[in-house]
Amino acid sequence: MATQNLSPALCAPASSPAYPMAKPGYGKRSAPDQHPRRAGDFALLPERERYVAGFVDHLPDGAAMNVKTLAKQLPLYGQQAVGSALTALSVAGHLRRVRRLVGEGDQVRWVFRTFWSRTARDNEWWADYLAAEDNRAGAEPELEPSTITSLPRRAPAESLVPAPGAAVDGPLPAPVPVATPQPEAGPRPASAEPAALPQPDSGCPSPAYLALAQLGRMDRRVALSAADCEALEGRATEWLARGVSTDYLTQALTAGLPAQVDSPVGFLRRRLNDKIPPVLPVAPEAPVVPARRVMVECTRCGTPGRPDALPDGLCRPCRQVTHGSAVTPDGVTEPAVERDVRAYVSELRDLLKVP
C-alpha cells in the first residue's frame with residue numbers, strides 16, 4: 001500500500017514590507033553630484049552612524065525620514081539613538097533638514113524635507129546649495145499634486161454632430177430648431193425704418209474744468225463763463241497733478257474773497273499762479289525683499305534659520321552641546337578650531353560614547 005505523503009508544503013518566505021513613503025512633497029531628497037556607491041562609503045563614521053547612513057543612502061527619494069519611522073525599520077537602535085545618529089550625520093556633512101514653502105497665492109504650505117548626500121559636504125557647500133534651492137523655489141514655486149485640480153470642460157456644440165459618414169452609436173440628439181426670419185410682404189413703410197441712435201459725446205470735462213465751473217455756485221463773485229473755465233483749466237490741472245483734491249482747489253480759490261471782484265477770471269488766474277502748492281518729493285520705494293521659501297531646521301531641535309546661520313545643520317545651543325564649545329565668563333561662545341577629518345571623527349566617536 002502506497003504511503004500517503006501528509007507533510008505540508010513549504011511556506012513561501014514572507015516578503016519584507018515596503019518602507020513607508022512620506023506625503024507628497026515631504027521626505028528624502030538626494031543632493032546632486034554625489035560619487036557612486038562603493039564599499040568604503042561612511043567607513044570613517046562610528047558603527048551606529050555607518051549603519052544608519054547606509055540604510056538612509058539606499059532609501060528612494062520621498063521616503064519618510066522622521067526619527068520614529070526610521071527607528072521602526074532599524075531594530076538595533078531606538079528613537080533616541082537614531083536621532084543622535086542623524087545629528088552626527090548632519091555634523092559630518094551628509095544631511096540637512098529643511099522646510100520649503102510650496103504653492104502659490106492662498107494655496108501655500110510648508111513641507112519638511114531631508115536633503116541627503118552620500119558625499120560629505122562642508123558648510124559652505126550646503127549654504128550655497130540651499131541658497132540656490134531657495135532661488136529655484138522663488139522662481140518656480142512647486143505645486144503639489146494634491147493642490148492641482150481641474151474642472152471638466154464642456155464639449156462645444158459642434159462636437160455633438162458627427163462628421164459625414166462617421167459611425168454613430170445610439171440615437172443622435174434632436175436638433176434644436178432655429179427660427180428663420182421670414183421676408184415681409186411688400187415694401188416696408190418709411191415709419192418702420194429704425195431710428196438712428198444718438199451718438200454719445202466723446203468729450204468729457206476734466207476734473208479741473210468741473211471744479212472751476214462750480215465756483216460761481218459757491219460764490220457769485222467768482223462766477224466764470226465757459227470760455228473762462230477753458231482758459232484756466234490748464235493751470236488748475238497743474239494743481240491736481242501736485243496731489244491736491246478738487247475740494248482743496250475750490251477752497252483755496254474762494255477763501256478770503258474781497259467784497260467786490262471786478263474780473264473773476266483775472267482774479268482767479270492770479271490766485272492759481274500765486275497759491276499753487278509745492279511739488280512734494282516722491283518717497284523712494286522700499287526695496288522688495290523676496291520671501292524666503294527655504295529654511296534650514298536644526299537637525300537636533302528643529303529650530304528654523306538661514307543656511308548660513310546653522311553651520312553643521314545645528315543651531316547655536318545645540319552646536320555648543322554637540323561640539324562642546326567653550327563659553328567665556330562674558331557669555332561669548334568661542335568658535336571651535338579647525339580640525340582634520342580623522343581628528344574630527346575621533347572626537348565624534350568619543351562624543352557618541354556619552355549616554
# chains A, B, ... in the order shown; residues from 1 in each chain; ligands from 1

call {"tool": "residues_around", "arguments": {"residues": "Gln34 of chain A", "least_positions_apart": "5", "cutoff": "8 Å", "atoms": "only C-alpha atoms", "output": "count of residues only"}}
result
3

call {"tool": "residues_around", "arguments": {"residues": "Gly54 of chain A", "least_positions_apart": "4", "cutoff": "9 Å", "atoms": "only C-alpha atoms", "output": "compact mmCIF listing (two decimals) with C-alpha atoms, in the first residue's frame"}}
result
# COMPACT_ATOMS: atom_id res chain seq x y z
CA ASP A 41 31.25 54.67 1.97
CA PHE A 42 30.93 56.00 5.53
CA GLU A 49 26.25 56.19 12.24
CA ARG A 50 27.68 53.96 9.49
CA HIS A 58 19.55 53.22 -0.12
CA ARG A 118 26.40 60.32 0.20

call {"tool": "closest_residue", "arguments": {"among": "A:Leu45, A:Val294, A:Pro278, A:Leu74", "to": "Arg109 of chain A", "atoms": "only C-alpha atoms"}}
result
A:Val294

call {"tool": "closest_residue", "arguments": {"among": "A:Val282, A:Val244, A:Ala81, A:Ala120", "to": "His35 of chain A", "atoms": "only C-alpha atoms"}}
result
A:Ala120

call {"tool": "closest_residue", "arguments": {"among": "A:Gly266, A:Pro284, A:Gly216, A:Gly62", "to": "Tyr26 of chain A", "atoms": "only C-alpha atoms"}}
result
A:Gly62

call {"tool": "atom_distance", "arguments": {"atom1": "atom CA of Thr303 of chain A", "atom2": "atom CA of Cys318 of chain A"}}
result
9.8 Å

call {"tool": "closest_residue", "arguments": {"among": "A:Arg242, A:Lys72, A:Lys23, A:Arg220", "to": "Ile276 of chain A", "atoms": "only C-alpha atoms"}}
result
A:Arg242

call {"tool": "residues_around", "arguments": {"residues": "Leu215 of chain A", "least_positions_apart": "5", "cutoff": "7 Å", "atoms": "only C-alpha atoms", "output": "PDB file with N, CA and C atoms, in the first residue's frame"}}
result
ATOM      1  N   VAL A 222     -17.097 135.002  -8.022  1.00  0.00           N
ATOM      2  CA  VAL A 222     -16.080 134.345  -8.860  1.00  0.00           C
ATOM      3  C   VAL A 222     -16.740 133.443  -9.894  1.00  0.00           C
ATOM      4  N   ALA A 223     -17.926 133.838 -10.377  1.00  0.00           N
ATOM      5  CA  ALA A 223     -18.591 133.057 -11.419  1.00  0.00           C
ATOM      6  C   ALA A 223     -17.815 133.204 -12.722  1.00  0.00           C
ATOM      7  N   THR A 250     -10.957 124.269  -4.849  1.00  0.00           N
ATOM      8  CA  THR A 250     -12.046 125.248  -4.763  1.00  0.00           C
ATOM      9  C   THR A 250     -11.979 126.068  -3.476  1.00  0.00           C
TER      10      THR A 250
END

call {"tool": "closest_residue", "arguments": {"among": "A:Arg136, A:Leu232, A:Phe115, A:Arg300", "to": "Val67 of chain A", "atoms": "only C-alpha atoms"}}
result
A:Arg300
